[in-house]
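Novice: Next comes query14.tsv, TSV, C-alpha atoms:
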```
chain	number	residue	atom	x	y	z
A	1	MET	CA	215.20	158.93	45.31
A	2	LEU	CA	213.88	156.83	42.46
A	3	THR	CA	210.24	156.12	41.92
A	4	ASP	CA	209.03	152.81	43.36
A	5	LEU	CA	209.21	150.41	40.42
A	6	THR	CA	206.19	148.47	41.63
A	7	GLU	CA	203.76	151.37	41.67
A	8	GLU	CA	201.24	152.05	38.92
A	9	LYS	CA	202.87	153.89	36.04
A	10	PRO	CA	201.30	157.23	35.01
A	11	GLN	CA	199.71	157.53	31.58
A	12	GLY	CA	200.26	160.13	28.90
A	13	ILE	CA	203.14	161.38	26.82
A	14	ASN	CA	204.72	163.61	29.47
A	15	LYS	CA	205.85	160.83	31.81
A	16	ILE	CA	209.53	161.61	31.71
A	17	HIS	CA	209.70	163.79	34.84
A	18	GLN	CA	207.30	161.57	36.79
A	19	THR	CA	209.26	158.38	36.26
A	20	PRO	CA	212.67	156.93	37.17
A	21	TYR	CA	214.42	158.50	34.17
A	22	GLN	CA	218.08	157.59	34.00
A	23	PHE	CA	220.94	157.41	31.54
A	24	PHE	CA	223.19	154.46	30.87
A	25	VAL	CA	226.73	155.04	29.62
A	26	PHE	CA	228.81	152.10	28.38
A	27	ILE	CA	232.08	151.59	26.55
A	28	GLU	CA	230.95	148.75	24.27
A	29	VAL	CA	228.01	146.37	24.42
A	30	PHE	CA	227.25	144.95	20.98
A	31	GLY	CA	230.54	145.11	19.08
A	32	CYS	CA	232.18	142.19	20.89
A	33	GLU	CA	231.31	139.28	23.16
A	34	GLY	CA	232.59	138.78	26.68
A	35	GLY	CA	231.66	138.51	30.32
A	36	ILE	CA	231.21	142.26	30.78
A	37	GLN	CA	229.05	142.55	27.68
A	38	SER	CA	226.88	139.63	28.79
A	39	TYR	CA	226.44	141.13	32.26
A	40	VAL	CA	225.57	144.55	30.85
A	41	LYS	CA	222.95	143.03	28.57
A	42	ASP	CA	221.40	141.17	31.51
A	43	ILE	CA	221.22	144.39	33.51
A	44	PHE	CA	219.70	146.31	30.66
A	45	GLN	CA	217.18	143.58	29.81
A	46	ALA	CA	216.00	143.39	33.42
A	47	TYR	CA	215.94	147.17	33.82
A	48	THR	CA	213.84	147.76	30.72
A	49	GLU	CA	211.38	145.06	31.76
A	50	LEU	CA	211.05	146.64	35.21
A	51	ASN	CA	210.52	150.02	33.60
A	52	ALA	CA	208.40	149.00	30.62
A	53	GLY	CA	206.93	152.09	28.99
A	54	TYR	CA	209.43	154.49	30.54
A	55	LYS	CA	211.96	156.36	28.42
A	56	THR	CA	215.66	155.57	28.70
A	57	ASP	CA	218.71	156.90	26.88
A	58	VAL	CA	221.82	154.78	26.40
A	59	PHE	CA	225.18	156.18	25.33
A	60	VAL	CA	227.74	153.74	23.92
A	61	LEU	CA	231.27	154.88	23.13
A	62	ARG	CA	232.56	152.15	20.82
A	63	ASP	CA	229.42	150.74	19.18
A	64	SER	CA	228.08	152.03	15.87
A	65	PRO	CA	224.51	152.47	14.57
A	66	ASP	CA	224.78	149.38	12.37
A	67	CYS	CA	225.37	147.01	15.32
A	68	VAL	CA	222.87	144.25	16.07
A	69	ASN	CA	220.90	145.67	19.00
A	70	PRO	CA	217.77	143.85	20.26
A	71	PHE	CA	216.94	146.53	22.81
A	72	VAL	CA	216.00	149.38	20.49
A	73	SER	CA	212.40	150.49	20.95
A	74	GLU	CA	210.22	153.58	20.99
A	75	ASN	CA	211.13	154.21	24.62
A	76	VAL	CA	214.78	153.15	24.54
A	77	LYS	CA	217.04	155.38	22.48
A	78	PHE	CA	220.66	154.52	21.80
A	79	HIS	CA	223.35	157.05	21.00
A	80	TYR	CA	226.45	155.65	19.29
A	81	PHE	CA	229.85	157.34	19.19
A	82	LYS	CA	232.22	154.92	17.50
A	83	ASN	CA	234.80	156.89	15.52
A	84	LYS	CA	238.04	156.12	13.73
A	85	SER	CA	239.59	158.54	16.18
A	86	PRO	CA	238.90	157.39	19.77
A	87	GLN	CA	239.56	160.92	21.02
A	88	ILE	CA	236.97	162.43	18.70
A	89	GLY	CA	234.44	159.75	19.65
A	90	ARG	CA	234.98	160.41	23.34
A	91	MET	CA	234.69	164.18	22.90
A	92	ALA	CA	231.50	163.78	20.89
A	93	MET	CA	229.96	161.57	23.57
A	94	ALA	CA	231.00	163.96	26.35
A	95	TRP	CA	229.38	166.90	24.57
A	96	ALA	CA	226.18	164.96	23.86
A	97	LEU	CA	226.02	163.78	27.47
A	98	LEU	CA	226.43	167.30	28.80
A	99	LYS	CA	223.60	168.60	26.64
A	100	PHE	CA	221.30	165.77	27.76
A	101	LEU	CA	222.18	166.24	31.41
A	102	LEU	CA	221.42	169.95	31.22
A	103	GLN	CA	218.18	169.47	29.31
A	104	LYS	CA	216.70	166.41	31.02
A	105	ARG	CA	218.25	166.34	34.48
A	106	PRO	CA	218.04	162.55	35.00
A	107	GLN	CA	217.61	161.20	38.48
A	108	ARG	CA	220.65	158.98	38.04
A	109	VAL	CA	223.37	158.06	35.56
A	110	PHE	CA	224.62	154.48	35.39
A	111	CYS	CA	228.30	154.49	34.45
A	112	GLY	CA	229.11	151.15	32.84
A	113	HIS	CA	232.88	151.02	33.29
A	114	ILE	CA	235.60	152.48	35.50
A	115	LYS	CA	237.23	153.95	32.38
A	116	LEU	CA	234.21	156.23	32.00
A	117	ALA	CA	233.90	157.16	35.67
A	118	VAL	CA	236.07	160.30	35.56
A	119	LEU	CA	234.05	161.68	32.65
A	120	ILE	CA	230.76	160.93	34.40
A	121	GLN	CA	231.96	162.52	37.64
A	122	THR	CA	233.11	165.63	35.77
A	123	LEU	CA	229.71	166.04	34.12
A	124	CYS	CA	227.39	164.94	36.92
A	125	GLN	CA	228.93	166.28	40.11
A	126	PRO	CA	228.59	170.03	39.31
A	127	LEU	CA	224.94	169.44	38.40
A	128	GLY	CA	224.18	167.49	41.56
A	129	ILE	CA	223.18	164.40	39.58
A	130	PRO	CA	224.03	161.13	41.37
A	131	TYR	CA	225.74	158.35	39.49
A	132	THR	CA	226.36	154.65	40.01
A	133	VAL	CA	229.52	152.94	38.76
A	134	LEU	CA	229.26	149.33	37.59
A	135	THR	CA	232.35	147.18	38.21
A	136	TYR	CA	233.05	143.59	37.29
A	137	GLY	CA	236.44	142.20	38.23
A	138	LYS	CA	240.12	142.73	37.69
A	139	GLU	CA	239.73	146.23	36.21
A	140	VAL	CA	239.33	147.50	39.81
A	141	TRP	CA	241.39	144.91	41.71
A	142	GLU	CA	244.61	146.93	41.63
A	143	PRO	CA	245.25	150.56	42.67
A	144	LEU	CA	243.61	152.90	40.17
A	145	LYS	CA	244.68	156.32	38.97
A	146	ASN	CA	243.96	159.02	41.53
A	147	SER	CA	241.32	160.55	39.25
A	148	GLU	CA	239.51	157.20	38.99
A	149	ARG	CA	239.67	156.69	42.76
A	150	ARG	CA	238.14	160.12	43.27
A	151	ALA	CA	235.40	159.27	40.77
A	152	LEU	CA	234.57	156.11	42.72
A	153	ALA	CA	234.62	158.00	46.01
A	154	ALA	CA	232.20	160.59	44.62
A	155	ALA	CA	229.78	157.98	43.24
A	156	SER	CA	226.57	157.54	45.20
A	157	GLU	CA	226.90	153.77	44.75
A	158	ILE	CA	229.18	151.17	43.26
A	159	TRP	CA	227.73	147.90	41.99
A	160	THR	CA	229.80	144.76	41.57
A	161	ILE	CA	229.32	141.08	40.85
A	162	SER	CA	230.82	139.26	43.84
A	163	ARG	CA	232.09	139.59	47.38
A	164	TYR	CA	235.59	138.89	46.15
A	165	SER	CA	235.52	141.74	43.63
A	166	ARG	CA	234.09	144.04	46.28
A	167	ASP	CA	236.77	143.16	48.81
A	168	ARG	CA	239.67	143.47	46.38
A	169	ALA	CA	238.45	146.76	44.94
A	170	CYS	CA	237.87	148.25	48.38
A	171	ALA	CA	241.26	147.13	49.70
A	172	ALA	CA	243.16	148.38	46.65
A	173	ASN	CA	241.41	151.73	46.34
A	174	GLY	CA	240.26	152.77	49.78
A	175	ILE	CA	236.58	152.38	48.97
A	176	ASN	CA	233.99	152.32	51.74
A	177	PRO	CA	232.52	148.78	51.54
A	178	GLU	CA	229.11	150.12	52.58
A	179	LYS	CA	228.94	151.99	49.29
A	180	VAL	CA	229.31	148.77	47.28
A	181	LYS	CA	226.14	146.87	46.38
A	182	MET	CA	226.02	143.31	45.10
A	183	LEU	CA	224.41	142.32	41.81
A	184	PRO	CA	225.71	138.87	40.80
A	185	CYS	CA	225.62	137.55	37.26
A	186	ALA	CA	222.54	135.79	35.92
A	187	ILE	CA	221.92	132.59	33.99
A	188	ASP	CA	219.16	131.99	31.45
A	189	GLY	CA	217.74	128.63	32.48
A	190	ASP	CA	215.61	128.46	29.33
A	191	LYS	CA	218.71	128.69	27.17
A	192	PHE	CA	221.17	126.57	29.15
A	193	THR	CA	219.56	123.18	29.67
A	194	PRO	CA	220.66	119.56	30.12
A	195	GLY	CA	220.68	117.28	27.11
A	196	GLU	CA	222.27	114.28	25.45
A	197	LYS	CA	225.77	114.33	24.03
A	198	LEU	CA	225.52	114.92	20.29
A	199	PRO	CA	227.08	111.91	18.49
A	200	GLU	CA	228.61	114.13	15.80
A	201	LEU	CA	230.46	116.18	18.42
A	202	VAL	CA	231.56	113.07	20.30
A	203	GLU	CA	233.01	111.74	17.06
A	204	LYS	CA	234.52	115.09	16.05
A	205	TYR	CA	236.53	115.37	19.25
A	206	GLY	CA	237.27	111.67	19.73
A	207	LEU	CA	235.31	111.39	22.98
A	208	THR	CA	233.65	107.99	22.52
A	209	ASN	CA	233.31	106.28	25.93
A	210	ALA	CA	235.44	109.02	27.50
A	211	LYS	CA	235.04	110.74	30.85
A	212	VAL	CA	235.15	114.34	29.72
A	213	LEU	CA	236.54	117.26	31.70
A	214	MET	CA	235.93	120.62	30.07
A	215	THR	CA	237.07	124.24	30.29
A	216	VAL	CA	235.84	127.27	28.33
A	217	ALA	CA	238.45	130.02	28.44
A	218	ARG	CA	240.58	132.41	26.45
A	219	LEU	CA	244.03	130.90	26.01
A	220	TRP	CA	245.99	134.12	26.33
A	221	SER	CA	249.50	134.20	27.74
A	222	GLY	CA	248.54	137.19	29.88
A	223	ASP	CA	245.48	135.39	31.20
A	224	ILE	CA	246.88	132.10	32.53
A	225	TYR	CA	244.87	132.37	35.75
A	226	LYS	CA	242.15	130.28	34.06
A	227	GLY	CA	244.06	127.18	35.21
A	228	VAL	CA	244.12	125.15	32.00
A	229	ASP	CA	247.79	124.33	32.63
A	230	VAL	CA	247.00	123.17	36.17
A	231	THR	CA	244.28	120.84	34.89
A	232	ILE	CA	246.68	119.39	32.30
A	233	ARG	CA	249.17	118.73	35.11
A	234	ALA	CA	246.43	116.91	37.02
A	235	LEU	CA	245.61	114.53	34.17
A	236	PRO	CA	248.25	111.83	34.84
A	237	GLN	CA	246.92	111.34	38.37
A	238	ILE	CA	243.28	111.36	37.22
A	239	ALA	CA	244.08	108.84	34.48
A	240	GLN	CA	245.31	106.34	37.07
A	241	VAL	CA	241.72	106.07	38.34
A	242	PHE	CA	239.87	106.89	35.12
A	243	PRO	CA	241.99	105.69	32.17
A	244	GLU	CA	239.30	106.94	29.77
A	245	VAL	CA	239.55	110.57	30.90
A	246	LYS	CA	239.90	113.33	28.30
A	247	TYR	CA	240.15	117.09	28.65
A	248	LEU	CA	238.21	119.27	26.19
A	249	VAL	CA	239.51	122.84	26.07
A	250	ILE	CA	237.30	125.36	24.30
A	251	GLY	CA	238.89	128.67	23.39
A	252	ARG	CA	241.79	130.11	21.48
A	253	GLY	CA	244.77	132.35	22.10
A	254	ASP	CA	248.52	132.72	22.01
A	255	ASP	CA	249.06	130.46	25.03
A	256	GLN	CA	247.92	127.32	23.21
A	257	PRO	CA	251.41	126.33	21.97
A	258	ARG	CA	252.71	126.36	25.55
A	259	LEU	CA	249.76	124.27	26.73
A	260	THR	CA	250.19	121.84	23.84
A	261	GLN	CA	253.86	121.40	24.71
A	262	LEU	CA	253.00	120.92	28.39
A	263	ALA	CA	250.58	118.11	27.51
A	264	LYS	CA	253.28	116.52	25.34
A	265	ASP	CA	255.90	116.79	28.09
A	266	LEU	CA	253.55	115.10	30.56
A	267	GLY	CA	252.61	112.34	28.13
A	268	VAL	CA	248.93	113.30	27.99
A	269	SER	CA	248.72	114.78	24.48
A	270	ASP	CA	246.21	112.10	23.52
A	271	ARG	CA	243.97	113.18	26.39
A	272	VAL	CA	243.86	116.92	25.67
A	273	VAL	CA	241.58	118.15	22.89
A	274	PHE	CA	241.87	121.79	21.86
A	275	ALA	CA	238.55	122.62	20.23
A	276	GLY	CA	239.43	126.21	19.39
A	277	PHE	CA	236.81	128.92	19.20
A	278	VAL	CA	233.19	127.81	19.55
A	279	PRO	CA	230.40	130.30	18.71
A	280	THR	CA	228.10	131.24	21.56
A	281	GLU	CA	225.13	129.53	19.93
A	282	ASP	CA	227.03	126.21	19.91
A	283	LEU	CA	228.32	126.35	23.48
A	284	ILE	CA	225.33	124.58	25.04
A	285	ALA	CA	225.86	121.47	22.93
A	286	HIS	CA	229.50	121.50	24.00
A	287	TYR	CA	228.67	121.84	27.70
A	288	ARG	CA	226.55	118.71	27.32
A	289	LEU	CA	229.66	116.78	26.28
A	290	ALA	CA	231.18	117.30	29.72
A	291	ASP	CA	231.06	115.05	32.75
A	292	ALA	CA	232.63	117.87	34.77
A	293	TYR	CA	233.40	121.53	34.21
A	294	ILE	CA	236.91	122.27	35.51
A	295	MET	CA	238.32	125.77	35.88
A	296	PRO	CA	240.61	126.26	38.90
A	297	SER	CA	241.05	129.95	38.26
A	298	GLN	CA	240.83	133.42	39.73
A	299	GLU	CA	237.55	134.92	38.58
A	300	GLY	CA	235.65	138.06	39.42
A	301	PHE	CA	232.58	135.81	39.40
A	302	GLY	CA	232.61	133.11	36.73
A	303	ILE	CA	229.44	133.01	34.62
A	304	VAL	CA	230.71	129.80	33.00
A	305	TYR	CA	230.12	127.92	36.25
A	306	LEU	CA	226.45	128.91	36.15
A	307	GLU	CA	226.20	127.93	32.49
A	308	ALA	CA	227.60	124.49	33.29
A	309	MET	CA	225.39	124.00	36.36
A	310	ALA	CA	222.29	125.02	34.41
A	311	CYS	CA	223.20	122.24	31.98
A	312	GLY	CA	223.42	119.83	34.92
A	313	ILE	CA	227.22	119.60	34.89
A	314	PRO	CA	229.17	119.48	38.20
A	315	VAL	CA	231.84	122.16	38.56
A	316	LEU	CA	235.26	122.79	40.07
A	317	SER	CA	236.70	126.25	40.74
A	318	GLY	CA	239.52	127.95	42.61
A	319	ASP	CA	239.07	128.67	46.31
A	320	ALA	CA	240.22	132.29	46.52
A	321	ASP	CA	238.15	134.25	44.05
A	322	GLY	CA	234.66	135.35	43.05
A	323	SER	CA	233.57	131.80	42.21
A	324	ALA	CA	232.64	131.47	45.89
A	325	ASP	CA	229.38	133.19	44.97
A	326	PRO	CA	228.15	131.01	42.06
A	327	LEU	CA	229.35	127.91	43.90
A	328	GLN	CA	227.71	129.15	47.12
A	329	ASP	CA	230.90	128.70	49.14
A	330	GLY	CA	231.27	125.11	47.97
A	331	LYS	CA	227.67	123.98	48.46
A	332	LEU	CA	227.19	123.71	44.69
A	333	GLY	CA	230.65	122.59	43.62
A	334	TRP	CA	234.28	121.83	44.44
A	335	ARG	CA	236.65	124.67	45.37
A	336	VAL	CA	240.38	123.97	45.47
A	337	PRO	CA	243.64	125.98	45.59
A	338	HIS	CA	243.80	127.23	42.02
A	339	ARG	CA	247.48	126.36	41.34
A	340	ASP	CA	247.47	122.98	43.11
A	341	ALA	CA	247.40	120.20	40.51
A	342	ASP	CA	247.15	117.48	43.18
A	343	ALA	CA	244.06	119.12	44.69
A	344	VAL	CA	242.53	119.47	41.23
A	345	ALA	CA	243.19	115.80	40.51
A	346	THR	CA	241.66	114.65	43.80
A	347	ALA	CA	238.53	116.75	43.24
A	348	CYS	CA	238.15	115.62	39.62
A	349	ILE	CA	238.30	111.99	40.72
A	350	GLU	CA	235.60	112.65	43.33
A	351	ILE	CA	233.41	114.33	40.72
A	352	LEU	CA	233.79	111.52	38.20
A	353	GLN	CA	232.94	108.96	40.90
A	354	LYS	CA	229.55	110.73	41.26
A	355	ASN	CA	228.99	109.91	44.93
A	356	ASP	CA	228.25	113.50	45.97
A	357	GLN	CA	224.98	115.44	45.83
A	358	ARG	CA	226.84	118.14	43.90
A	359	CYS	CA	227.00	115.66	41.02
A	360	ASP	CA	223.19	115.41	40.86
A	361	GLY	CA	222.52	117.36	37.67
A	362	LYS	CA	218.83	117.94	38.35
A	363	TRP	CA	219.44	119.26	41.86
A	364	LEU	CA	222.41	121.34	40.71
A	365	ARG	CA	220.38	122.99	37.96
A	366	GLU	CA	217.51	123.77	40.35
A	367	GLN	CA	219.86	125.40	42.83
A	368	ALA	CA	221.67	127.46	40.20
A	369	ILE	CA	218.47	128.83	38.72
A	370	ALA	CA	216.88	129.50	42.10
A	371	HIS	CA	219.84	131.65	43.13
A	372	PHE	CA	220.95	133.09	39.80
A	373	GLY	CA	218.15	132.71	37.26
A	374	THR	CA	216.78	135.70	35.38
A	375	ALA	CA	213.82	136.03	37.76
A	376	ALA	CA	216.14	136.22	40.78
A	377	PHE	CA	218.35	138.70	38.94
A	378	LYS	CA	215.44	140.97	38.12
A	379	GLN	CA	214.27	140.87	41.73
A	380	GLN	CA	217.75	141.81	42.98
A	381	LEU	CA	218.02	144.65	40.48
A	382	ALA	CA	214.61	146.01	41.47
A	383	ALA	CA	215.63	146.03	45.13
A	384	LEU	CA	218.86	147.88	44.31
A	385	VAL	CA	217.21	150.52	42.16
A	386	LYS	CA	214.41	151.18	44.65
A	387	THR	CA	216.89	151.83	47.45
A	388	SER	CA	219.22	154.01	45.36
```
Would you write the structure of this file as structure tokens?

Specialist:
Amino acid sequence: MLTDLTEEKPQGINKIHQTPYQFFVFIEVFGCEGGIQSYVKDIFQAYTELNAGYKTDVFVLRDSPDCVNPFVSENVKFHYFKNKSPQIGRMAMAWALLKFLLQKRPQRVFCGHIKLAVLIQTLCQPLGIPYTVLTYGKEVWEPLKNSERRALAAASEIWTISRYSRDRACAANGINPEKVKMLPCAIDGDKFTPGEKLPELVEKYGLTNAKVLMTVARLWSGDIYKGVDVTIRALPQIAQVFPEVKYLVIGRGDDQPRLTQLAKDLGVSDRVVFAGFVPTEDLIAHYRLADAYIMPSQEGFGIVYLEAMACGIPVLSGDADGSADPLQDGKLGWRVPHRDADAVATACIEILQKNDQRCDGKWLREQAIAHFGTAAFKQQLAALVKTS
């Protein structure tokens, strides 16, 4: 069992065996940006705050020592194993992990991806060291390799981000649902805030006097579940009620030509604005351009919904995915069949009419932060770790 995180921490330099000493093992955290990386950073930020002054070791397979890492400190040591040869990097990390496990005997190892679970099981199980596997979404929605299924079965716990991801992973891989613990994504309410539409962005995208629908998504042909095409199909019907409607699509990928042609075929090319890639630091100003955030997709969770709600923007999601959690089963937003353009159009019209409490930006932001703010996230993490 782990030490109670709320008790007084012992003093002195030899605290390591008196404290909740654990390892973290990730594939990649700082070398790229994405939902998994954001979630991992939130976990690690909250964990280090809960365990301030305690020592922690973090092993990262594909990051290198020159990465930008804000978490490095006297008590938090990172071990990087990026190598031109992935096999050599993996072997080097496995050897380093084994030495640390033998020398320090941590109370728990947090395995940050299913692709590392077999390695962690191989190293931890013979030593009697429990491990927790972190899961996120579609990487565990389909039947896994037998070795990966055994690694999940042998884990003391599995953490995931939503009820939907839990249910799909359990059904596909024969996992005991009681082993799966929930730790939903978090939103930084100090970072994502409401604000005025910047005139320069309104002019840049041709949004003057427009009712703006917005989606932030990768436009990859293998990732069409984001629903950008469905929203484009809904535009003619929406435009009958709101002739000034425009659809701002943020993201890039090889599916954009298909989407551009679809808009042309439907006669709504003038209503669809492809903004391309927008850096993370500029996303907030772009959220503020929106009158509604529209993404009728299939998500493991959908952090973008929380980002929009924290900015006071009403949201629409699919009705058969992990977005049920951030949208609180529809209490905080509209949920529709994700491939139904008519349903998307009807919901968008309702949102733009602003006659629903879910369009109240102030209320929406308060609800999102109360349920999913960093303080709530830290509290949920503390409860999970204390009961592990």

Novice: Starting from the point (243.2, 116.0, 22.0), work out which residues of protein, DNA or RNA have an atom no more than 10 Å away when counting all atoms listed in the file; state them as a PyMOL selection string.

Specialist: chain A and resi 205-207+246-249+260+263+268-275

Novice: Skipping near chain neighbours, those fewer than 4 positions away, what residues fall within 9 Å of Gly35 (chain A) using all atoms listed in the file, listed as a ChimeraX atom specification?

Specialist: /A:39-40,136,302-303

Novice: Take CA of Leu381 (chain A) and CA of Glu28 (chain A) and report the distance between them in Å, one decimal.

Specialist: 21.1 Å

Novice: For Ile27 (chain A), which residue among A:Asp63, A:Asp42, A:Glu307, A:Asp255 is the nearest when counting only C-alpha atoms?

Specialist: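 For Ile27 (chain A), the nearest of the given residues is A:Asp63.
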
Novice: So for region 207-226 of chain A, what box centre and size do we get, axis-aligned, 5 Å extra on each of the six sides, every listed atom, Å to one decimal, as JSON?

Specialist:
```
{"center_x": 241.4, "center_y": 121.7, "center_z": 29.1, "size_x": 26.2, "size_y": 40.9, "size_z": 23.2}
```

Novice: Quick one: contact table of region 312-369 of chain A to region 169-191 of chain A, 9 Å max, nearest atom pair and distance in Å to one decimal per residue, counting all atoms listed in the file, chain and number order, as JSON lines?

Specialist:
```
{"residue": "A:Asp325", "atom": "CA", "partner": "A:Pro184", "partner_atom": "CA", "distance": 7.9}
{"residue": "A:Pro326", "atom": "CA", "partner": "A:Pro184", "partner_atom": "CA", "distance": 8.3}
{"residue": "A:Arg365", "atom": "CA", "partner": "A:Gly189", "partner_atom": "CA", "distance": 8.3}
{"residue": "A:Ala368", "atom": "CA", "partner": "A:Ile187", "partner_atom": "CA", "distance": 8.1}
{"residue": "A:Ile369", "atom": "CA", "partner": "A:Gly189", "partner_atom": "CA", "distance": 6.3}
```

Novice: Which is closest to Trp141 (chain A) among A:Val76, A:Ile114, A:Cys348, A:Ala155, if we use all atoms listed in the file?

Specialist: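 Among the listed residues, the smallest separation from Trp141 (chain A) belongs to A:Ile114.
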
Novice: Please produce, as JSON lines, a per-residue contact table for region 147-176 of chain A versus region 120-129 of chain A (criterion: any atom at most 12 Å away, all atoms listed in the file considered), showing the nearest atom pair and its distance in Å to one decimal, sorted by chain then residue number.

Specialist:
```
{"residue": "A:Ser147", "atom": "CA", "partner": "A:Gln121", "partner_atom": "CA", "distance": 9.7}
{"residue": "A:Glu148", "atom": "CA", "partner": "A:Gln121", "partner_atom": "CA", "distance": 9.3}
{"residue": "A:Arg149", "atom": "CA", "partner": "A:Gln121", "partner_atom": "CA", "distance": 10.9}
{"residue": "A:Arg150", "atom": "CA", "partner": "A:Gln121", "partner_atom": "CA", "distance": 8.7}
{"residue": "A:Ala151", "atom": "CA", "partner": "A:Gln121", "partner_atom": "CA", "distance": 5.7}
{"residue": "A:Leu152", "atom": "CA", "partner": "A:Gln121", "partner_atom": "CA", "distance": 8.6}
{"residue": "A:Ala153", "atom": "CA", "partner": "A:Gln121", "partner_atom": "CA", "distance": 9.9}
{"residue": "A:Ala154", "atom": "CA", "partner": "A:Gln121", "partner_atom": "CA", "distance": 7.2}
{"residue": "A:Ala155", "atom": "CA", "partner": "A:Gln121", "partner_atom": "CA", "distance": 7.5}
{"residue": "A:Ser156", "atom": "CA", "partner": "A:Ile129", "partner_atom": "CA", "distance": 9.5}
```

Novice: Applying 7 Å and all atoms listed in the file, which residues near region 231-238 of chain A remain after dropping the ones on its own chain fewer than 4 positions away? List them as a PDB file with C-alpha atoms, keeping the file's coordinate frame.

Specialist:
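Done, and the output landed in out-v8.pdb:
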```pdb
ATOM      1  CA  GLY A 227     244.060 127.180  35.210  1.00  0.00           C
ATOM      2  CA  PHE A 242     239.870 106.890  35.120  1.00  0.00           C
ATOM      3  CA  ALA A 263     250.580 118.110  27.510  1.00  0.00           C
ATOM      4  CA  ALA A 341     247.400 120.200  40.510  1.00  0.00           C
ATOM      5  CA  ASP A 342     247.150 117.480  43.180  1.00  0.00           C
ATOM      6  CA  VAL A 344     242.530 119.470  41.230  1.00  0.00           C
ATOM      7  CA  ALA A 345     243.190 115.800  40.510  1.00  0.00           C
ATOM      8  CA  ILE A 349     238.300 111.990  40.720  1.00  0.00           C
TER       9      ILE A 349
END
```

Novice: One number please: CA of Phe81 (chain A) to CA of Ala52 (chain A), in Å, one decimal.

Specialist: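 Between CA of Phe81 (chain A) and CA of Ala52 (chain A) the gap is 25.7 Å.
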
Novice: Between CA of Arg105 (chain A) and CA of Phe71 (chain A), what is the distance, to one decimal in Å?

Specialist: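 It comes out at 23.0 Å.
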
Novice: Rank nothing, just name the residue among A:Gln353, A:Ser64, A:Ser323, A:Thr135 nearest to Lys115 (chain A), using all atoms listed in the file.

Specialist: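 Smallest separation from Lys115 (chain A) among the options: A:Thr135.
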
Novice: May I ask which of the residues A:Arg163, A:Val212, A:Pro243, A:Ala217 is the closest one to Ala324 (chain A), counting only C-alpha atoms?

Specialist: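 The closest residue to Ala324 (chain A) is A:Arg163.
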
Novice: Nearest residue to Tyr225 (chain A) out of A:Glu142, A:Asp329, A:Asp321, A:Glu350, using all atoms listed in the file?

Specialist: A:Asp321

Novice: Check the smallest atom-to-atom distance from each of A:Lys264, A:Phe24, A:Gln380, A:Val336 to Leu97 (chain A) using only C-alpha atoms, then report the winner.

Specialist: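 Between A:Lys264, A:Phe24, A:Gln380, A:Val336, the residue approaching Leu97 (chain A) most closely is A:Phe24.
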